[in-house]
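Peer 1: Take a look at this one; I'll ask things after.
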Amino acid sequence: MKEFDFTYNAKNSPSKEELTAAAARAMGCAPKRVGGLKILKRSLDARKEIVYRYHLVAWMDNEAPHQEYQLPPYQDVTNSEPVIVIGCGPAGMFASLRLIMSGLKPIILERGKDVHARKFDMAKIVREAFVDEDSNFCFGEGGAGTFSDGKLYTRSNKRGDIREILHQLVKFGADESILVDAHPHLGSDKLPRIVENIRNQIVECGGEYHFSSRVTDLQKNGDEWNVTCSNGDSYKAKNVILATGHSAKDIYELFDRNGWELQAKGFAIGVRAEHPQALINKIQYHDKYQSYLPAAEYSLVTQVEGRGVFSFCMCPGGILVPSSTDNQSVVLNGMSNSARNSQWANAGIVCSVEPGDIPEYQKFGALSLLRFQQDVERSMKITDTFKAPAQRMMDFCRRIESKNLPKSSYAAGTVNAPLHEMLPEFIYSRLRVAFPEFNRKMKGYYTNDALILACESRTSSPVRIPRDPETLQHLSLTGLYPCGEGAGYSGGIVSSAIDGVIVAQKIAELR
Ligand SMILES: Cc1cc2nc3c(=O)[nH]c(=O)nc-3n(C[C@H](O)[C@H](O)[C@H](O)COP(=O)(O)OP(=O)(O)OC[C@H]3O[C@@H](n4cnc5c(N)ncnc54)[C@H](O)[C@@H]3O)c2cc1C
């Protein structure tokens with residue numbers, strides 16, 4: 001068995017014969033002695049020649065083949081011990097799948113609607129300027145990642161087995177390429193079907209889904225939790241996974257009211273920058289872009305005044321979407337289809353914020369950063385609709401009002417506004433330094449053809465629901481497992497899914 005690297009032009013895929021010949025060279029044998037081979041990783045390298053770099057494993061005809069990863073089997077949990085899972089985002093869904101593998105029955109309570117009904121409510125944000133506070137871009141089956149770019153890369157590989165997540169996604173309909181691509185992504189056209197297939201699997205095994213079930217109260221009676229929903233239904237179980245995501249303000253408020261421990265957590269806030277994708281392709285492919293190449297991505301980071309300013313959730317060939325969860329705020333995020341073929345590239349450009357940056361909010365205790373986030377989001381709602389205040393990039397940095405605005409992918413519309421005055425000064429002053437700085441890394445990035453829109457504020461949770469590092473239960477609430485992004489233990493689709501798996505495993509272990 002031998003692992004080896006192989007480079008090939010980006011226009012075509014290598015043939016089986018070419019890969020076999022490369023494997024034979026790597027193993028020092030004749031091609032006919034190659035028993036088999038498998039691509040383990042594939043990454044695009046555009047630094048000089050534009051090539052794909054493959055990392056493969058090959059074995060001789062007298063060797064056992066490379067062992068494929070095997071997903072643990074699902075069990076019939078119809079009559080098993082129930083575990084209440086609040087929230088059906090990546091953390092809740094993958095926790096539920098893991099519970100089923102461990103012989104426990106998930107009862108999923110989700111405030112939003114099923115993934116298909118949800119689309120109609122999202123359309124209303126643009127058409128009727130109305131946000132359903134339980135069914136929108138953040139809330140509903142599949143959680144915040146369902147209508148997104150579906151980027152699947154994560155730095156949390158060390159925390160859990162990313163293969164379990166990727167192999168399940170493939171089982172439920174994702175393309176197998178996500179198993180090998182260095183920067184895998186799914187796209188908003190593929191995600192709803194995957195989310196639906198996950199539901200079918202959970203229900204087939206005996207798990208339960210309850211939509212339009214916003215959890216409003218949690219009470220402990222003896223050994224058991226009693227969970228009450230907005231529709232009057234209630235559910236009982238010894239263990240509860242709380243995976244409500246970073247936008248479930250009401251859950252943080254419930255904890256605060258009950259005096260249950262919460263912590264303020266640093267997060268990041270800023271704007272979305274939108275460029276023509278053709279410009280980003282030109283920069284990243286050094287003028288050598290060809291239509292067979294994927295839309296170029298970018299990732300930028302710098303330090304200003306001792307705080308990080310960085311790109312977040314970059315969507316090549318994507319569009320901007322209104323991701324507010326109430327009718328008083330304007331919040332933006334990005335999504336794209338699997339082909340990433342819109343004419344725009346957008347990314348959040350955000351600054352880290354720590355409690356020390358906002359002394360005037362200290363009076364809100366653990367909710368200080370949440371209240372700050374809410375105030376910024378509200379200050380961006382300057383029309384009766386969800387139009388985003390916007391400004392050209394160089395005008396923004398030079399404190400000049402834009403004479404006009406370029407076209408944008410943001411269907412809710414833009415309104416020409418002095419963002420340099422509207423954003424909190426300490427955020428603005430870091431952003432205005434960062435944009436020209438980014439131009440040093442990506443020549444042409446700092447341009448008035450780019451649009452700045454506000455605000456991007458849902459980068460990660462501004463609150464942590466602290467848990468015991470050993471038992472993963474809330475510090476003082478036995479049987480309650482804060483999980484995923486809303487609890488402050490993950491950020492992004494894959495790391496939230498991994499956190500769901502870790503928590504479900506722990507419940508099975510402590511059973
Ligand atoms: C438009 C958009 C694009 C994104 N793009 C990407 C991307 O490309 N890649 C990436 O890695 N990440 C992306 N993200 C972030 C990613 O979606 C989140 O990190 C991830 O979904 C967090 O998973 P989670 O399960 O912890 O929480 P969530 O996905 O937020 O799920 C929480 C669930 O809990 C439900 N809920 C909340 N309160 C209650 C309650 N009281 N009762 C019952 N249910 C409740 C919500 O309705 C929701 O379904 C994007 C987010 C958005 C909004």
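Following the order of the structure tokens, first chain is A, next is B, and so on, with residues numbered from 1 inside each chain and ligands from 1 in the order they appear.
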Among region 223-327 of chain A, which residues carry a DSSP assignment of strand (DSSP E), reported as a PyMOL selection string?
Peer 2: chain A and resi 224-229+234-237+239-242+263-264+267-276+301-304+307-315+319-322
Peer 1: Let me see the file: selected residues, N, CA and C atoms, as a compact mmCIF listing (two decimals), in the first residue's frame.
Peer 2:
```
# COMPACT_ATOMS: atom_id res chain seq x y z
N GLU A 224 -36.53 14.17 35.28
CA GLU A 224 -37.03 14.33 33.92
C GLU A 224 -37.19 15.80 33.52
N TRP A 225 -36.90 16.07 32.27
CA TRP A 225 -37.15 17.41 31.72
C TRP A 225 -38.53 17.44 31.10
N ASN A 226 -39.24 18.57 31.34
CA ASN A 226 -40.53 18.77 30.69
C ASN A 226 -40.35 19.96 29.74
N VAL A 227 -40.53 19.71 28.47
CA VAL A 227 -40.27 20.74 27.45
C VAL A 227 -41.59 21.19 26.85
N THR A 228 -41.87 22.50 26.94
CA THR A 228 -43.15 23.02 26.46
C THR A 228 -42.94 23.83 25.19
N CYS A 229 -43.88 23.68 24.26
CA CYS A 229 -43.78 24.40 22.97
C CYS A 229 -44.87 25.47 22.86
N SER A 234 -46.32 19.39 24.95
CA SER A 234 -45.15 19.25 25.82
C SER A 234 -44.61 17.82 25.73
N TYR A 235 -43.34 17.69 26.02
CA TYR A 235 -42.64 16.41 25.86
C TYR A 235 -41.76 16.20 27.08
N LYS A 236 -41.58 14.90 27.44
CA LYS A 236 -40.77 14.58 28.61
C LYS A 236 -39.63 13.63 28.22
N ALA A 237 -38.46 13.87 28.80
CA ALA A 237 -37.33 12.95 28.61
C ALA A 237 -36.27 13.27 29.66
N ASN A 239 -33.04 13.22 29.01
CA ASN A 239 -31.98 14.00 28.35
C ASN A 239 -32.54 14.88 27.23
N VAL A 240 -31.99 16.10 27.17
CA VAL A 240 -32.42 17.07 26.15
C VAL A 240 -31.18 17.65 25.47
N ILE A 241 -31.18 17.62 24.14
CA ILE A 241 -30.09 18.29 23.40
C ILE A 241 -30.64 19.64 22.94
N LEU A 242 -29.94 20.70 23.34
CA LEU A 242 -30.39 22.05 22.99
C LEU A 242 -29.52 22.55 21.84
N GLN A 263 -22.67 32.86 29.30
CA GLN A 263 -21.48 33.72 29.25
C GLN A 263 -21.51 34.56 27.98
N ALA A 264 -21.09 35.82 28.09
CA ALA A 264 -20.93 36.64 26.88
C ALA A 264 -19.76 36.05 26.09
N PHE A 267 -17.66 37.66 19.24
CA PHE A 267 -18.11 37.20 17.93
C PHE A 267 -17.58 38.21 16.91
N ALA A 268 -18.09 38.19 15.72
CA ALA A 268 -17.60 39.12 14.70
C ALA A 268 -18.77 39.77 13.97
N ILE A 269 -18.58 41.01 13.59
CA ILE A 269 -19.67 41.75 12.94
C ILE A 269 -19.06 42.68 11.88
N GLY A 270 -19.81 42.99 10.86
CA GLY A 270 -19.29 43.87 9.82
C GLY A 270 -20.27 43.99 8.67
N VAL A 271 -19.77 43.79 7.47
CA VAL A 271 -20.57 44.04 6.26
C VAL A 271 -20.41 42.85 5.30
N ARG A 272 -21.17 42.90 4.22
CA ARG A 272 -20.93 41.97 3.10
C ARG A 272 -20.31 42.79 1.98
N ALA A 273 -19.30 42.24 1.35
CA ALA A 273 -18.70 42.88 0.18
C ALA A 273 -19.10 42.07 -1.05
N GLU A 274 -19.57 42.77 -2.08
CA GLU A 274 -19.97 42.06 -3.30
C GLU A 274 -19.19 42.61 -4.49
N HIS A 275 -18.48 41.72 -5.17
CA HIS A 275 -17.71 42.06 -6.38
C HIS A 275 -18.31 41.32 -7.57
N PRO A 276 -18.01 41.79 -8.77
CA PRO A 276 -18.33 40.94 -9.93
C PRO A 276 -17.45 39.68 -9.84
N VAL A 301 -7.49 37.85 5.65
CA VAL A 301 -7.44 38.16 7.08
C VAL A 301 -6.35 39.19 7.33
N THR A 302 -6.61 40.09 8.24
CA THR A 302 -5.60 41.06 8.65
C THR A 302 -5.87 41.46 10.12
N GLN A 303 -4.95 42.18 10.68
CA GLN A 303 -5.12 42.67 12.06
C GLN A 303 -5.18 44.18 12.03
N VAL A 304 -6.17 44.77 12.68
CA VAL A 304 -6.23 46.23 12.81
C VAL A 304 -6.51 46.54 14.28
N ARG A 307 -7.15 43.67 16.60
CA ARG A 307 -8.31 42.79 16.41
C ARG A 307 -8.29 42.25 14.98
N GLY A 308 -8.78 41.02 14.84
CA GLY A 308 -8.84 40.41 13.51
C GLY A 308 -9.93 41.04 12.66
N VAL A 309 -9.63 41.27 11.39
CA VAL A 309 -10.66 41.62 10.40
C VAL A 309 -10.50 40.55 9.31
N PHE A 310 -11.59 39.87 8.98
CA PHE A 310 -11.42 38.72 8.09
C PHE A 310 -12.65 38.49 7.22
N SER A 311 -12.41 37.75 6.13
CA SER A 311 -13.54 37.38 5.27
C SER A 311 -14.23 36.19 5.91
N PHE A 312 -15.55 36.12 5.71
CA PHE A 312 -16.34 35.09 6.36
C PHE A 312 -17.37 34.58 5.38
N CYS A 313 -17.47 33.26 5.27
CA CYS A 313 -18.52 32.64 4.46
C CYS A 313 -18.56 33.22 3.05
N MET A 314 -17.41 33.13 2.36
CA MET A 314 -17.32 33.66 1.00
C MET A 314 -18.14 32.77 0.05
N CYS A 315 -18.95 33.40 -0.77
CA CYS A 315 -19.81 32.66 -1.69
C CYS A 315 -19.45 32.99 -3.14
N ILE A 319 -25.33 34.59 -4.28
CA ILE A 319 -26.20 35.76 -4.14
C ILE A 319 -26.31 36.13 -2.66
N LEU A 320 -26.71 37.38 -2.44
CA LEU A 320 -26.93 37.83 -1.07
C LEU A 320 -28.38 37.57 -0.67
N VAL A 321 -28.58 37.16 0.57
CA VAL A 321 -29.95 36.87 1.02
C VAL A 321 -30.26 37.59 2.33
N PRO A 322 -31.55 37.91 2.53
CA PRO A 322 -31.94 38.57 3.78
C PRO A 322 -32.10 37.52 4.87
```
Peer 1: Please check which protein, DNA or RNA residues sit within 6 Å of ligand 1, counting only C-alpha atoms and all ligand atoms, and write them as a PyMOL selection string.
Peer 2: chain A and resi 86-92+109-112+137-145+147-152+213-216+243-246+248+251+313+323+333-335+484-486+491-494+496
Peer 1: Which residues in region 150-374 of chain A does DSSP call alpha helix (DSSP H)? List them as a PyMOL selection string.
Peer 2: chain A and resi 162-171+191-204+249-258+277-284+368-374
Peer 1: Within 10 Å of Ile178 (chain A), counting only C-alpha atoms, which residues show up once you throw out same-chain ones fewer than 3 positions away? Write them as a PDB file with N, CA and C atoms, in the first residue's frame, please.
Peer 2:
```pdb
ATOM      1  N   LYS A  41      -7.635  12.831  -1.871  1.00  0.00           N
ATOM      2  CA  LYS A  41      -7.814  14.296  -1.806  1.00  0.00           C
ATOM      3  C   LYS A  41      -7.585  14.892  -3.178  1.00  0.00           C
ATOM      4  N   ARG A  42      -8.299  15.985  -3.460  1.00  0.00           N
ATOM      5  CA  ARG A  42      -8.090  16.686  -4.728  1.00  0.00           C
ATOM      6  C   ARG A  42      -8.171  18.176  -4.454  1.00  0.00           C
ATOM      7  N   LYS A 151     -20.814  25.263   2.141  1.00  0.00           N
ATOM      8  CA  LYS A 151     -19.373  24.964   2.261  1.00  0.00           C
ATOM      9  C   LYS A 151     -19.201  23.937   3.369  1.00  0.00           C
ATOM     10  N   LEU A 152     -18.348  22.953   3.123  1.00  0.00           N
ATOM     11  CA  LEU A 152     -18.228  21.872   4.100  1.00  0.00           C
ATOM     12  C   LEU A 152     -16.848  21.780   4.715  1.00  0.00           C
ATOM     13  N   TYR A 153     -15.989  22.785   4.482  1.00  0.00           N
ATOM     14  CA  TYR A 153     -14.667  22.644   5.087  1.00  0.00           C
ATOM     15  C   TYR A 153     -14.676  23.225   6.495  1.00  0.00           C
ATOM     16  N   LEU A 166     -19.444  13.585   6.319  1.00  0.00           N
ATOM     17  CA  LEU A 166     -19.392  13.618   4.845  1.00  0.00           C
ATOM     18  C   LEU A 166     -20.016  12.355   4.243  1.00  0.00           C
ATOM     19  N   HIS A 167     -19.737  11.195   4.844  1.00  0.00           N
ATOM     20  CA  HIS A 167     -20.306   9.949   4.304  1.00  0.00           C
ATOM     21  C   HIS A 167     -21.824   9.916   4.471  1.00  0.00           C
ATOM     22  N   LEU A 169     -23.705  12.613   4.395  1.00  0.00           N
ATOM     23  CA  LEU A 169     -24.219  13.539   3.385  1.00  0.00           C
ATOM     24  C   LEU A 169     -24.274  12.842   2.016  1.00  0.00           C
ATOM     25  N   VAL A 170     -23.243  12.040   1.718  1.00  0.00           N
ATOM     26  CA  VAL A 170     -23.254  11.310   0.441  1.00  0.00           C
ATOM     27  C   VAL A 170     -24.393  10.292   0.445  1.00  0.00           C
ATOM     28  N   ALA A 174     -25.615  13.764  -1.437  1.00  0.00           N
ATOM     29  CA  ALA A 174     -24.547  14.671  -1.903  1.00  0.00           C
ATOM     30  C   ALA A 174     -23.636  13.937  -2.887  1.00  0.00           C
ATOM     31  N   ASP A 175     -22.995  14.699  -3.742  1.00  0.00           N
ATOM     32  CA  ASP A 175     -22.074  14.125  -4.712  1.00  0.00           C
ATOM     33  C   ASP A 175     -20.849  13.543  -3.995  1.00  0.00           C
ATOM     34  N   ASP A 181     -12.702  16.392  -2.311  1.00  0.00           N
ATOM     35  CA  ASP A 181     -12.353  17.789  -2.620  1.00  0.00           C
ATOM     36  C   ASP A 181     -11.829  18.519  -1.396  1.00  0.00           C
ATOM     37  N   ALA A 182     -10.789  19.332  -1.606  1.00  0.00           N
ATOM     38  CA  ALA A 182     -10.207  20.073  -0.493  1.00  0.00           C
ATOM     39  C   ALA A 182     -11.185  21.130   0.030  1.00  0.00           C
ATOM     40  N   HIS A 183     -11.974  21.699  -0.874  1.00  0.00           N
ATOM     41  CA  HIS A 183     -12.961  22.709  -0.488  1.00  0.00           C
ATOM     42  C   HIS A 183     -14.355  22.288  -0.941  1.00  0.00           C
ATOM     43  N   PRO A 184     -14.909  21.232  -0.338  1.00  0.00           N
ATOM     44  CA  PRO A 184     -16.206  20.750  -0.816  1.00  0.00           C
ATOM     45  C   PRO A 184     -17.339  21.723  -0.505  1.00  0.00           C
ATOM     46  N   HIS A 185     -18.361  21.733  -1.360  1.00  0.00           N
ATOM     47  CA  HIS A 185     -19.563  22.523  -1.067  1.00  0.00           C
ATOM     48  C   HIS A 185     -20.752  21.845  -1.721  1.00  0.00           C
ATOM     49  N   LEU A 186     -21.948  22.162  -1.209  1.00  0.00           N
ATOM     50  CA  LEU A 186     -23.145  21.467  -1.694  1.00  0.00           C
ATOM     51  C   LEU A 186     -24.030  22.350  -2.561  1.00  0.00           C
TER      52      LEU A 186
END
```
Peer 1: For Glu354 (chain A), which of A:Gln284, A:Glu401, A:Lys265, A:Thr447 is the closest residue, counting only C-alpha atoms?
Peer 2: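 Counting only C-alpha atoms, the residue closest to Glu354 (chain A) is A:Lys265.
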Peer 1: Can you tell me how far CA of Glu3 (chain A) sits from CA of Arg47 (chain A), in Å to one decimal?
Peer 2: 23.8 Å
Peer 1: May I have the residues within 10 Å of Lys443 (chain A) as a list in words, using only C-alpha atoms and disregarding those fewer than 2 positions away in the same chain?
Peer 2: Ile280, Lys282, Ile283, Gln284, His286, Pro436, Glu437, Phe438, Asn439, Arg440, Lys441, Tyr445, Tyr446 and Thr447 of chain A
